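A.B. asks: Structure provided below as structure tokens; questions to follow.
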Amino acid sequence: MKWDEYAQWGKHIADWGQTYHSTLGDRPVRAQTAPGDIAAQLPSTPPEVGEDMAAILKDFDDIIMPGMTHWQHPRFFAYFPANATPPSMLAEQLVNTVAAQCMLWQTSPAATEVEGLMVDWLRQALGLADGMTGVIQDSASSATLSAMLTMRERATGFTGNREGLSDKGHLRVYCSTEVHSSIDRACWVAGIGQNNLVKIPTQGPRFAMDPAALDAAIKADIAAGHAPAGVIAITGGTGVGACDDLGAVLAVAQAHDLYTHLDAAWAGSAMICPEFHAEFWQGVDGYDSIVFNPHKWLGAQFDCSVQFLRDVTPQLNTLKIEPEYLKTTGDAVTNYSEWTIPLGRRFRALKIWFLLRSYGLEDLRGRIRNHVVWAEEVCEAIRAMNGFEISSEPILSLFTFRAPGDDAAQQRLVDAINDDGRIYLTQGSHKGRKVIRFQVGQFDTTQDDVKMAATVIAEIWEAMT
Ligand SMILES: *Cc1c(COP(=O)(O)O)cnc(C)c1O
């Protein structure tokens, strides 16, 4: 393709994007296709001869788009949001166009320096202590794996990478029963093993890890000759938004000299609002590692996950590797690929820079505050519906509910709602029962969109019964 054609199609796609976003509310939120529908419309062999971009884009509209679920739809209430704000999309277009591989300072000095600054802007925005540094990763799963590997290496005197784990005994990591599956997977991949991930029961209205049970579990493991390595706390669990008492968990972890990681992948964004700190953020500054995803609630186009570090040294001692061809000019610069597992890196900081400059923190806070209030409003509307119950009260903008009937009835309702297409919800599990999750967080959602959700749920339930 010639560059003048590139410019022509680039403009076409920008216009397409504007139309798409301005008519998004008219589309069904979840794709209404059956498995295999899309693939069946595509040739099974690659073309030998190049085709026109016009033909490719026509097939994109006709074949691909009907098979997309619309995460930027204003009535997306499923999972957690993946907000892609227009300024962050523009930044991504620039990043895609310059297409630099930003693994070392010298392979793109601006990318490294903007990344350092953006991590620090976000540190300030979230009210974290001076001196915390950090790195931008692709996903919270990767940041958590980095922290898990650091726990492992620290607990083995930094010998695991060299010697393997066969004579290291049982390394143990502790977390609550409410953590995200990325914690389990990090434990598998780090060679620690699922059986050595100790899940502590939760208590209270925020489903917080029981610190006394944590302490008892660590002591029992020490008595059994195991090797406690670290504790993973959570602010805003995926199921019902569980939040640990960060200070209480930290005190236990520090008493046993354990490495600490906090998973705030979703709820971290809400901490740009200082009024949430008293309830959700006390003690956060003591954590060795903290992850939050600006690509969820904050508005940075996927993917963009920030890992803050109190001291980068243990993670560097775990992950840094420097073959000859990667050696650069010494200590004056940061080479972020030494902080993470992948070598290659995209310039993800640019979209944070565009996002924060374009909106300003005050606008972003306003959106999050609205989402929290509107979630409470829709929760009350559902509580008032005949026979419906609230299974878990709102934590920030997430709550769960049940319709009358058994687990199968909950799934039938979720499926009927998503086949209808006006709103999108997903199911979860809480206290051994199936529940329906509801979160408010899409950037373009309005109070009317959220109100409409309660009406749609009532209407569909009525039609089913
Ligand atoms: C979304 C989420 C994750 C996983 O995030 P990825 O960036 O997709 O890896 C982990 N923990 C919590 C609490 C989450 O909400």
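Chain labels follow the order of the structure tokens: the first chain is A, the next B, and so on; residue numbering restarts at 1 in every chain, and ligands are counted from 1 in their shown order.
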Among range 8-228 of chain A, which residues does DSSP mark as strand (DSSP E or B) when it is run on the backbone? Keep the chain and numbering as in the structure and answer as a VMD selection string.

C.D. replies: chain A and resid 76 133 to 137 171 to 176 197 to 200 202 to 203 208 to 209 227 to 228

A.B. asks: Could you give me, as a PyMOL selection string, every polymer residue with an atom at most 7 Å away from an atom of ligand 1, counting only C-alpha atoms and all ligand atoms?

C.D. replies: chain A and resi 80+138-142+179-180+182+234+236-238+263-266+293+305

A.B. asks: Filtering to all heavy atoms, could you give me those residues as a compact mmCIF listing (two decimals), in the first residue's frame?

C.D. replies:
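Now in result.txt:
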```txt
# COMPACT_ATOMS: atom_id res chain seq x y z
N PHE A 80 -16.20 -5.72 33.87
CA PHE A 80 -15.80 -4.37 34.25
C PHE A 80 -15.66 -3.58 32.95
O PHE A 80 -15.54 -4.18 31.88
CB PHE A 80 -14.47 -4.39 35.02
CG PHE A 80 -14.62 -4.78 36.47
CD1 PHE A 80 -13.76 -5.70 37.05
CD2 PHE A 80 -15.64 -4.23 37.26
CE1 PHE A 80 -13.91 -6.06 38.39
CE2 PHE A 80 -15.78 -4.59 38.59
CZ PHE A 80 -14.92 -5.51 39.16
N ASP A 138 1.14 -4.68 30.16
CA ASP A 138 -0.03 -4.89 29.31
C ASP A 138 -1.28 -5.18 30.13
O ASP A 138 -2.36 -4.70 29.82
CB ASP A 138 0.22 -6.02 28.29
CG ASP A 138 0.61 -7.35 28.92
OD1 ASP A 138 0.84 -7.40 30.15
OD2 ASP A 138 0.67 -8.35 28.19
N SER A 139 -1.13 -5.94 31.20
CA SER A 139 -2.32 -6.38 31.92
C SER A 139 -1.99 -6.56 33.39
O SER A 139 -0.81 -6.73 33.76
CB SER A 139 -2.82 -7.70 31.35
OG SER A 139 -1.85 -8.70 31.56
N ALA A 140 -3.02 -6.55 34.21
CA ALA A 140 -2.84 -6.81 35.64
C ALA A 140 -2.29 -8.21 35.84
O ALA A 140 -1.51 -8.46 36.76
CB ALA A 140 -4.16 -6.63 36.37
N SER A 141 -2.68 -9.14 34.97
CA SER A 141 -2.17 -10.51 35.10
C SER A 141 -0.65 -10.53 35.02
O SER A 141 0.02 -11.25 35.77
CB SER A 141 -2.75 -11.40 34.00
OG SER A 141 -4.16 -11.42 34.05
N SER A 142 -0.09 -9.76 34.11
CA SER A 142 1.38 -9.71 33.97
C SER A 142 2.03 -9.05 35.17
O SER A 142 3.10 -9.48 35.63
CB SER A 142 1.76 -8.92 32.71
OG SER A 142 1.26 -9.54 31.56
N VAL A 179 -10.07 -13.34 45.57
CA VAL A 179 -9.17 -12.80 44.55
C VAL A 179 -9.53 -13.25 43.15
O VAL A 179 -10.23 -14.24 42.95
CB VAL A 179 -7.68 -13.16 44.82
CG1 VAL A 179 -7.17 -12.47 46.07
CG2 VAL A 179 -7.49 -14.67 44.86
N HIS A 180 -9.00 -12.52 42.20
CA HIS A 180 -9.20 -12.78 40.78
C HIS A 180 -8.38 -14.02 40.35
O HIS A 180 -7.34 -14.30 40.94
CB HIS A 180 -8.71 -11.54 40.01
CG HIS A 180 -8.94 -11.59 38.54
ND1 HIS A 180 -7.99 -12.03 37.66
CD2 HIS A 180 -10.01 -11.22 37.80
CE1 HIS A 180 -8.47 -11.94 36.42
NE2 HIS A 180 -9.69 -11.45 36.49
N SER A 182 -6.40 -14.42 38.11
CA SER A 182 -5.02 -14.12 37.69
C SER A 182 -4.02 -14.42 38.81
O SER A 182 -2.85 -14.67 38.54
CB SER A 182 -4.88 -12.66 37.25
OG SER A 182 -5.29 -11.78 38.28
N ILE A 234 -6.46 -7.39 48.11
CA ILE A 234 -7.32 -6.96 47.01
C ILE A 234 -8.14 -5.74 47.40
O ILE A 234 -8.63 -5.64 48.53
CB ILE A 234 -8.21 -8.13 46.54
CG1 ILE A 234 -8.89 -7.77 45.22
CG2 ILE A 234 -9.24 -8.53 47.56
CD1 ILE A 234 -9.21 -8.96 44.38
N GLY A 236 -11.30 -4.25 45.57
CA GLY A 236 -12.23 -4.33 44.45
C GLY A 236 -12.15 -5.65 43.70
O GLY A 236 -11.77 -5.70 42.53
N GLY A 237 -12.51 -6.73 44.35
CA GLY A 237 -12.50 -8.06 43.72
C GLY A 237 -13.52 -8.13 42.59
O GLY A 237 -14.49 -7.36 42.55
N THR A 238 -13.31 -9.08 41.69
CA THR A 238 -14.13 -9.15 40.49
C THR A 238 -15.56 -9.62 40.78
O THR A 238 -16.50 -9.16 40.16
CB THR A 238 -13.48 -10.11 39.48
OG1 THR A 238 -12.09 -9.82 39.46
CG2 THR A 238 -14.04 -9.93 38.10
N ASP A 263 -3.82 -6.04 44.48
CA ASP A 263 -4.55 -6.06 43.20
C ASP A 263 -5.72 -5.09 43.30
O ASP A 263 -6.74 -5.38 43.93
CB ASP A 263 -5.04 -7.49 42.91
CG ASP A 263 -5.83 -7.57 41.61
OD1 ASP A 263 -5.97 -6.55 40.90
OD2 ASP A 263 -6.32 -8.68 41.29
N ALA A 264 -5.54 -3.93 42.66
CA ALA A 264 -6.62 -2.93 42.60
C ALA A 264 -6.94 -2.66 41.13
O ALA A 264 -7.17 -1.52 40.72
CB ALA A 264 -6.21 -1.66 43.31
N ALA A 265 -6.93 -3.74 40.33
CA ALA A 265 -7.01 -3.60 38.87
C ALA A 265 -8.20 -2.75 38.46
O ALA A 265 -8.08 -1.83 37.65
CB ALA A 265 -7.08 -4.97 38.22
N TRP A 266 -9.36 -3.04 39.03
CA TRP A 266 -10.56 -2.26 38.68
C TRP A 266 -10.70 -1.02 39.57
O TRP A 266 -10.79 0.11 39.08
CB TRP A 266 -11.80 -3.15 38.82
CG TRP A 266 -13.09 -2.40 38.93
CD1 TRP A 266 -13.65 -1.58 37.98
CD2 TRP A 266 -13.98 -2.36 40.06
NE1 TRP A 266 -14.83 -1.04 38.45
CE2 TRP A 266 -15.06 -1.51 39.72
CE3 TRP A 266 -13.97 -2.98 41.32
CZ2 TRP A 266 -16.12 -1.26 40.61
CZ3 TRP A 266 -15.03 -2.72 42.18
CH2 TRP A 266 -16.08 -1.88 41.83
N ASN A 293 -5.49 -0.88 36.63
CA ASN A 293 -5.63 -0.84 35.18
C ASN A 293 -6.29 0.46 34.73
O ASN A 293 -7.52 0.56 34.75
CB ASN A 293 -6.51 -2.00 34.71
CG ASN A 293 -5.79 -3.33 34.69
OD1 ASN A 293 -4.58 -3.40 34.89
ND2 ASN A 293 -6.54 -4.40 34.43
N SER A 305 -1.78 -1.21 32.01
CA SER A 305 -1.86 -1.59 33.42
C SER A 305 -0.63 -1.04 34.13
O SER A 305 0.50 -1.24 33.66
CB SER A 305 -1.88 -3.13 33.50
OG SER A 305 -1.96 -3.55 34.84
```

A.B. asks: Just how far from CA of Lys58 in chain A is CA of Asn418 in chain A, in Å to one decimal?

C.D. replies: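 Going from CA of Asn418 in chain A over to CA of Lys58 in chain A covers 27.1 Å.
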
A.B. asks: Listing only residues of range 75-106 of chain A within 12 Å of range 362-378 of chain A, what is the closest atom pair and its distance in Å (to one decimal) for each, using only C-alpha atoms, sorted by chain and residue number ascending, as a tab-separated table?

C.D. replies:
```
residue	atom	partner	partner_atom	distance
A:Phe77	CA	A:Ala375	CA	10.0
A:Pro81	CA	A:His371	CA	11.3
A:Asn83	CA	A:Leu364	CA	11.7
A:Thr85	CA	A:Leu364	CA	10.9
```

A.B. asks: Residues of range 117-235 of chain A that approach range 340-355 of chain A to 8 Å or less, counting only C-alpha atoms: could you list each one with the shortest pair of atoms and its distance in Å to one decimal, rows by chain and increasing residue number, as a Markdown table?

C.D. replies:
```
| residue | atom | partner | partner_atom | distance |
| --- | --- | --- | --- | --- |
| A:Met118 | CA | A:Ala349 | CA | 6.3 |
| A:Ile136 | CA | A:Arg348 | CA | 7.1 |
| A:Gln137 | CA | A:Thr340 | CA | 7.4 |
| A:Ser142 | CA | A:Ile341 | CA | 7.7 |
| A:Ala143 | CA | A:Thr340 | CA | 7.8 |
| A:Ser146 | CA | A:Thr340 | CA | 6.6 |
```

A.B. asks: Under the rule that only C-alpha atoms are counted, which of A:Leu361, A:Ala332, A:Ala409, A:Leu309 is the nearest residue to Ala270 in chain A?

C.D. replies: A:Leu361

A.B. asks: Compile a residue-level contact table for range 110-161 of chain A against range 311-326 of chain A at a cut-off of 9 Å, reporting for every qualifying residue the shortest atom pair and its distance in Å to one decimal, with only C-alpha atoms counted, rows ordered by chain and ascending number, as CSV.

C.D. replies:
```
residue,atom,partner,partner_atom,distance
A:Gly131,CA,A:Asp311,CA,8.6
A:Met132,CA,A:Asp311,CA,7.1
A:Thr133,CA,A:Val312,CA,7.4
A:Gly134,CA,A:Val312,CA,7.7
A:Ser146,CA,A:Gln315,CA,7.2
A:Ala147,CA,A:Gln315,CA,7.2
A:Leu149,CA,A:Thr318,CA,6.9
A:Thr150,CA,A:Gln315,CA,5.3
A:Met151,CA,A:Pro314,CA,8.5
A:Arg152,CA,A:Thr318,CA,8.8
A:Glu153,CA,A:Thr318,CA,6.2
A:Arg154,CA,A:Pro314,CA,6.9
A:Phe158,CA,A:Thr318,CA,7.1
A:Asn161,CA,A:Thr318,CA,7.6
```

A.B. asks: Separation of CA of Ala208 in chain A and CA of Leu145 in chain A, in Å?

C.D. replies: 22.4 Å

A.B. asks: What lies within 8 Å of His70 in chain A using only C-alpha atoms, ignoring chain neighbours under 6 positions off, as a list of chain:residue names?

C.D. replies: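 In the requested format, the answer is A:Leu24, A:Pro28, A:Val29, A:Arg30, A:Ala31, A:Phe76.
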
A.B. asks: Where does DSSP see helix (DSSP H, G or I) in range 197-274 of chain A, if you list the residues as number ranges by chain?

C.D. replies: A: 211-223, 246-255, 267-272, 274

A.B. asks: Find the distance between CA of Tyr174 in chain A and CA of Ala267 in chain A and write it in Å to one decimal.

C.D. replies: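 It comes out at 20.6 Å.
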
A.B. asks: Need the shell around His430 in chain A: protein/DNA/RNA residues with any atom at most 8 Å away, counting only C-alpha atoms. Skip same-chain ones fewer than 4 positions apart. Format as an MDAnalysis selection string?

C.D. replies: chainID A and resid 239:240 391 434:435

A.B. asks: Selected residues, all heavy atoms, written as a compact mmCIF listing (two decimals), in the first residue's frame, please.

C.D. replies:
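Saved result, again19.txt, follows:
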```txt
# COMPACT_ATOMS: atom_id res chain seq x y z
N GLY A 239 -15.69 -10.54 41.73
CA GLY A 239 -17.01 -11.12 41.99
C GLY A 239 -17.98 -10.09 42.54
O GLY A 239 -18.99 -9.76 41.90
N VAL A 240 -17.69 -9.58 43.73
CA VAL A 240 -18.60 -8.64 44.40
C VAL A 240 -17.89 -7.37 44.83
O VAL A 240 -18.45 -6.57 45.58
CB VAL A 240 -19.28 -9.31 45.62
CG1 VAL A 240 -20.19 -10.45 45.17
CG2 VAL A 240 -18.26 -9.82 46.64
N SER A 391 -27.87 -9.43 46.42
CA SER A 391 -27.01 -10.46 47.02
C SER A 391 -25.78 -9.84 47.66
O SER A 391 -25.29 -10.34 48.66
CB SER A 391 -26.55 -11.46 45.96
OG SER A 391 -27.63 -11.84 45.16
N LYS A 434 -25.50 -18.70 42.34
CA LYS A 434 -25.34 -17.88 41.15
C LYS A 434 -25.99 -16.51 41.39
O LYS A 434 -27.10 -16.43 41.92
CB LYS A 434 -26.00 -18.56 39.95
CG LYS A 434 -25.67 -17.86 38.65
CD LYS A 434 -26.01 -18.71 37.43
CE LYS A 434 -24.94 -19.74 37.18
NZ LYS A 434 -24.91 -20.23 35.80
N VAL A 435 -25.28 -15.46 41.03
CA VAL A 435 -25.81 -14.10 41.17
C VAL A 435 -25.64 -13.38 39.83
O VAL A 435 -24.90 -13.84 38.96
CB VAL A 435 -25.09 -13.30 42.28
CG1 VAL A 435 -25.36 -13.92 43.64
CG2 VAL A 435 -23.58 -13.22 42.02
```

A.B. asks: Pick from A:Glu48, A:Ala78, A:Gln124, A:Ala84: nearest to Gln439 in chain A, with only C-alpha atoms counted?

C.D. replies: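 Result for the nearest residue to Gln439 in chain A: A:Ala78.
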
A.B. asks: Please build the interface table for range 374-432 of chain A against range 185-207 of chain A with a cut-off of 12 Å, listing for each qualifying residue the nearest atom pair and the distance in Å to one decimal; count only C-alpha atoms, order rows by chain and increasing number, and write it as JSON lines.

C.D. replies:
```
{"residue": "A:Ser391", "atom": "CA", "partner": "A:Pro205", "partner_atom": "CA", "distance": 11.5}
{"residue": "A:Ser392", "atom": "CA", "partner": "A:Pro205", "partner_atom": "CA", "distance": 8.5}
{"residue": "A:Glu393", "atom": "CA", "partner": "A:Pro205", "partner_atom": "CA", "distance": 8.2}
{"residue": "A:Pro394", "atom": "CA", "partner": "A:Arg206", "partner_atom": "CA", "distance": 9.6}
{"residue": "A:Ile395", "atom": "CA", "partner": "A:Arg206", "partner_atom": "CA", "distance": 7.5}
{"residue": "A:Leu396", "atom": "CA", "partner": "A:Arg206", "partner_atom": "CA", "distance": 10.7}
{"residue": "A:Leu398", "atom": "CA", "partner": "A:Arg206", "partner_atom": "CA", "distance": 11.8}
{"residue": "A:Phe399", "atom": "CA", "partner": "A:Arg206", "partner_atom": "CA", "distance": 11.5}
{"residue": "A:His430", "atom": "CA", "partner": "A:Phe207", "partner_atom": "CA", "distance": 10.7}
{"residue": "A:Lys431", "atom": "CA", "partner": "A:Phe207", "partner_atom": "CA", "distance": 10.8}
```

A.B. asks: For Ala100 in chain A, list every protein, DNA or RNA residue within 12 Å, evaluated using only C-alpha atoms, and leave out those in the same chain fewer than 4 positions away; present the list as a VMD selection string.

C.D. replies: chain A and resid 92 94 to 96 104 to 112 344 to 348

A.B. asks: Output C-alpha atoms for every residue in the selection just made, as an mmCIF file, in the first residue's frame.

C.D. replies:
```cif
data_model
loop_
_atom_site.group_PDB
_atom_site.id
_atom_site.type_symbol
_atom_site.label_atom_id
_atom_site.label_comp_id
_atom_site.auth_asym_id
_atom_site.auth_seq_id
_atom_site.Cartn_x
_atom_site.Cartn_y
_atom_site.Cartn_z
ATOM 1 C CA GLU A 92 -2.897 4.943 20.100
ATOM 2 C CA LEU A 94 0.046 7.910 16.769
ATOM 3 C CA VAL A 95 1.739 5.057 18.609
ATOM 4 C CA ASN A 96 0.599 2.614 15.902
ATOM 5 C CA LEU A 104 15.228 0.312 26.153
ATOM 6 C CA TRP A 105 15.677 4.004 26.836
ATOM 7 C CA GLN A 106 17.742 4.356 23.666
ATOM 8 C CA THR A 107 15.177 2.581 21.491
ATOM 9 C CA SER A 108 12.823 5.525 22.202
ATOM 10 C CA PRO A 109 13.970 7.944 24.902
ATOM 11 C CA ALA A 110 10.672 9.867 24.873
ATOM 12 C CA ALA A 111 8.645 6.717 25.542
ATOM 13 C CA THR A 112 10.743 5.880 28.591
ATOM 14 C CA GLY A 344 9.316 -5.741 23.593
ATOM 15 C CA ARG A 345 7.215 -2.818 24.767
ATOM 16 C CA ARG A 346 4.628 -0.523 23.216
ATOM 17 C CA PHE A 347 4.533 3.202 24.007
ATOM 18 C CA ARG A 348 1.548 2.883 26.334
#
```

A.B. asks: Considering only C-alpha atoms, can you say which of A:Gly10, A:Gly164, A:Gly241, A:Pro47 comes closest to Gln93 in chain A?

C.D. replies: A:Gly10
